[in-house]
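Please read the structure below before turning to the comments.
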Amino acid sequence: MAMIDVMCTTWMQRQAEMNNREDEHGDLIQRACRDRDAFGKLYLLHYEDVFHYCVRRLFDRHLAEDVTAIVFFKVMRNLSSFDGKAAGFRSWLFRIATNAVNDHLREARRRAEGMQRVVRNTRVDEVDAVGADEDPAERKAVLQQALLSLKSKYQTVITLRFFENMKLTEIAACLGVNPSTVRTWLSRATAKLRKKLSAGRNHGGYKP
Amino acid sequence: MNDDEKYIEEFVKDLPFEDVNVRHRDALKARLLDAFPGHRLQPTDHTVPLFWRTIMRTPIAKLAVAAAIVTALWVGIRLTGHSSVAWADIARNIQNARTLVYQTVLTFENGQRQVLKAMVRDPDRTRIELPDGRTWIVDRSRGQTLLLDPNGLQALSSTTPQQMLNVYEMFRNFRNLPDFSVRRIGRRMVGTAVAEGFELRKAGEDYPITVWADPQTSLPVRLEQTAKQPDGKLIQAVTTDIVFDAELDDSLFNLEAPAGYTRRLADGPAERASKLELRVKTARKMTEILRMGLAYVQEHGGQWPDQLQDLARYGLTDDALVNPNRPNLKVGYVYRKPSTAASPQQVVLYEAYDAWNEGVNAGCADGHIEFIRNESALKERLE
């Protein structure tokens with residue numbers, strides 16, 4: 001009985017702490033709309049999340065930093081329009097980041113097409129040009145090429161699921177779609193990605 | 001989790017991704033806070049327009065780094081020794097191009113970054129655009145520049161400083177400097193494609209230029225260079241989005257101010273008067289500091305203070321240490337404690353500077369101020 005009491009008390013304390021944190025975060029978001037210092041704090045709380053997401057979508061530090069900057073300028077401009085609770089802020093932030101990354105990739109592709117050297121529907125056989133094996137750096141290059149050849153919504157769900165470790169419901173909140181839609185996209189995305197990565201494997205690529 | 005998901009999870013496990021660059025984080029925070037709605041811009045290091053300072057205070061050196069890398073390649077690096085067939089193709093393609101467009105990200109030692117989009121034609125004509133709309137147009141053949149600020153609808157024109165012309169001469173001279181060695185450094189992903197890397201190293205230079213080229217088109221897709229500025233600080237330049245032979249309309253290089261803009265001459269009478277006023281204001285503030293210094297000397301057996309802050313008892317305030325020419329610095333002067341037997345002409349105080357411009361005010365041990373135009377003269381007076 002005593003053990004159950006301790007567990008209950010601990011659970012209640014944790015819940016209370018979480019609620020407090022959420023309240024504090026909610027308060028910070030509110031203040032960040034009009035208070036410069038509060039915005040600075042909010043920025044520092046979330047910079048790492050946004051940068052990590054961008055660098056895992058873009059595979060380039062400089063591009064990721066550029067897009068991270070775009071994301072936070074958008075956040076600053078639109079924060080007053082965010083009317084959700086603190087718990088929804090991360091989803092809102094990732095939605096902005098996703099849109100910014102996708103815009104960047106679209107623009108990069110458009111520019112590349114203009115230069116007539118776009119990697120159109122990046123061919124899987126290019127993957128083995130990197131000489132993929134189990135070296136993490138090369139594995140990363142293989143993943144980059146395969147991932148960037150997918151539709152952006154598939155890139156997004158894969159990054160959110162496997163790098164950000166988000167649940168389907170969280171991804172759905174980020175993308176503003178139903179969890180069942182995310183489930184479908186994730187299935188298709190992983191199957192396509194695996195196919196591309198496996199093709200690399202057949203050419204001496206990665207063997208998990 | 002199905003098989004595909006397990007496969008992906010295993011594949012991505014432990015992949016190396018770059019971590020947060022604290023300098024970028026902090027620099028971006030400063031930019032965001034400066035742009036925060038309702039925040040009145042203060043003359044801090046971040047709000048003094050970097051572009052303006054770059055051009056007007058440290059003439060061209062920083063921008064030239066970016067322009068030099070690509071333009072130097074464009075006007076032609078003749079290679080000897082280790083040149084490979086692939087590199088020869090790349091060099092030929094570059095040399096055959098008529099126009100050039102690229103984007104460069106300059107990263108300064110303090111973490112600040114500047115993104116530039118450059119368009120080069122002829123190669124005498126250059127246009128550099130900043131993300132906020134400010135634009136810099138240079139026509140080397142006419143020796144003129146035009147700086148457009150769409151935010152304040154200001155057009156500032158000037159005759160090109162000699163230093164800039166020298167930089168552009170340097171571009172041209174690259175074709176006569178065949179002392180680059182070229183080394184292949186393998187392949188990596190650049191954007192969405194695999195690129196072949198070349199390291200270009202010039203004898204006597206500390207930092208190589210790295211060129212990443214598309215193996216299919218033999219055109220460079222990314223250039224990386226670290227360069228040392230005249231003040232010894234490092235600047236990194238990464239050039240991407242390189243497009244050769246893009247159509248560049250003449251109007252992009254027009255040196256006339258667009259309709260609605262107020263045109264000013266950078267080196268006109270008003271500008272000269274404004275500069276002189278700042279110079280006099282600075283000299284006056286320096287005289288005050290020296291006066292306090294001399295009071296200290298009188299009471300300390302001829303010894304000067306170890307640092308300027310020791311003059312607080314004599315009335316020195318934080319504000320007195322701010323140089324009107326460099327309002328972004330807390331202490332805008334450099335103090336050199338002289339020996340007891342210092343000559344009256346010895347410089348004990350001078351204006352802090354990043355790169356030498358037209359000159360600096362210097363305060364001497366006897367309390368008078370001089371404007372020294374030559375950097376070597378200042379150094380001599382300091383020794």
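Convention: chains lettered A, B, ... in structure tokens order; per-chain residue numbering from 1; ligands numbered from 1 as shown.
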With 7 Å as the limit and counting only C-alpha atoms, what residues in chain B lie close to chain A? Please list them as number ranges by chain.
B: 4-5, 8-11, 15-16, 18, 20, 28-29, 32-33, 36, 189, 192-193, 243
Selection file, C-alpha atoms, as an mmCIF file, in the first residue's frame:
```cif
data_model
loop_
_atom_site.group_PDB
_atom_site.id
_atom_site.type_symbol
_atom_site.label_atom_id
_atom_site.label_comp_id
_atom_site.auth_asym_id
_atom_site.auth_seq_id
_atom_site.Cartn_x
_atom_site.Cartn_y
_atom_site.Cartn_z
ATOM 1 C CA ASP B 4 10.412 -1.134 -43.521
ATOM 2 C CA GLU B 5 10.330 1.092 -40.487
ATOM 3 C CA ILE B 8 14.993 2.743 -41.730
ATOM 4 C CA GLU B 9 15.415 3.036 -37.981
ATOM 5 C CA GLU B 10 18.484 0.835 -38.151
ATOM 6 C CA PHE B 11 19.829 2.743 -41.138
ATOM 7 C CA LEU B 15 24.324 8.961 -38.311
ATOM 8 C CA PRO B 16 26.627 11.924 -37.755
ATOM 9 C CA GLU B 18 26.320 18.653 -37.175
ATOM 10 C CA VAL B 20 24.388 23.583 -32.928
ATOM 11 C CA LEU B 28 20.723 35.081 -34.911
ATOM 12 C CA LYS B 29 19.293 35.940 -31.500
ATOM 13 C CA LEU B 32 15.957 38.735 -34.135
ATOM 14 C CA LEU B 33 15.929 40.969 -31.108
ATOM 15 C CA PHE B 36 11.698 42.714 -32.726
ATOM 16 C CA MET B 189 27.221 15.518 -51.541
ATOM 17 C CA THR B 192 21.272 17.086 -53.958
ATOM 18 C CA ALA B 193 24.154 15.885 -56.087
ATOM 19 C CA VAL B 243 25.192 30.084 -62.434
#
```
Hey, what's within 9 Å of region 175-180 of chain A if we count only C-alpha atoms and toss same-chain stuff fewer than 4 positions away? As an MDAnalysis selection string, please?
chainID A and resid 91:92 94:95 98 153 156:157 168:171 184:185
What is the distance, in Å and to one decimal place, between CA of Leu316 (chain B) and CA of Leu378 (chain B)?
25.1 Å
Quick one: residues within 8 Å of Asp241 (chain B), only C-alpha atoms, excluding same-chain residues fewer than 6 positions away - as a PyMOL selection string?
(chain A and resi 111) or (chain B and resi 101-103+221-222)
Give the answer as one residue: which of A:Glu164, A:Tyr154, A:Lys196, A:Gly88 has the shortest atom-to-atom distance to Val182 (chain A), using only C-alpha atoms?
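Comparing A:Glu164, A:Tyr154, A:Lys196, A:Gly88 against Val182 (chain A), the winner is A:Tyr154.
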Taking 6 positions as the minimum chain separation for residues in the same chain, which residues sit within 10 Å of Ala342 (chain B) when counting only C-alpha atoms? Answer as a CSV table (one decimal) with C-alpha atoms, in the first residue's frame.
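Written output follows (part-v3.csv):
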```csv
chain,number,residue,atom,x,y,z
B,302,GLY,CA,54.8,60.8,-13.5
B,303,GLN,CA,53.2,57.4,-13.9
B,304,TRP,CA,50.4,56.9,-16.4
B,348,VAL,CA,49.2,57.1,-25.8
B,364,CYS,CA,49.9,62.3,-27.4
B,365,ALA,CA,51.6,62.2,-24.0
B,366,ASP,CA,51.6,66.0,-23.8
```
To one decimal place in Å, what is the distance between CA of Val211 (chain B) and CA of Leu223 (chain B)?
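So the two atoms, CA of Val211 (chain B) and CA of Leu223 (chain B), lie 4.6 Å apart.
Taking CA of Leu130 (chain B) and CA of Leu116 (chain B) as the two end points, the separation is 5.3 Å.
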From B:Met286, B:Ile372, B:Leu349, B:Leu106, residue lying nearest Thr239 (chain B) [only C-alpha atoms]
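Nearest candidate to Thr239 (chain B) out of B:Met286, B:Ile372, B:Leu349, B:Leu106: B:Leu106.
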Tell me, as a PyMOL selection string, which residues lie within 9 Å of Thr135 (chain B), counting only C-alpha atoms; anything in the same chain fewer than 3 positions away does not count.
chain B and resi 127-130+132+146-150
Residues near Ile96 (chain A), anyone? I mean within 8 Å using only C-alpha atoms, not counting same-chain ones fewer than 4 positions away, as a VMD selection string.
chain A and resid 71 74 to 75 92 100
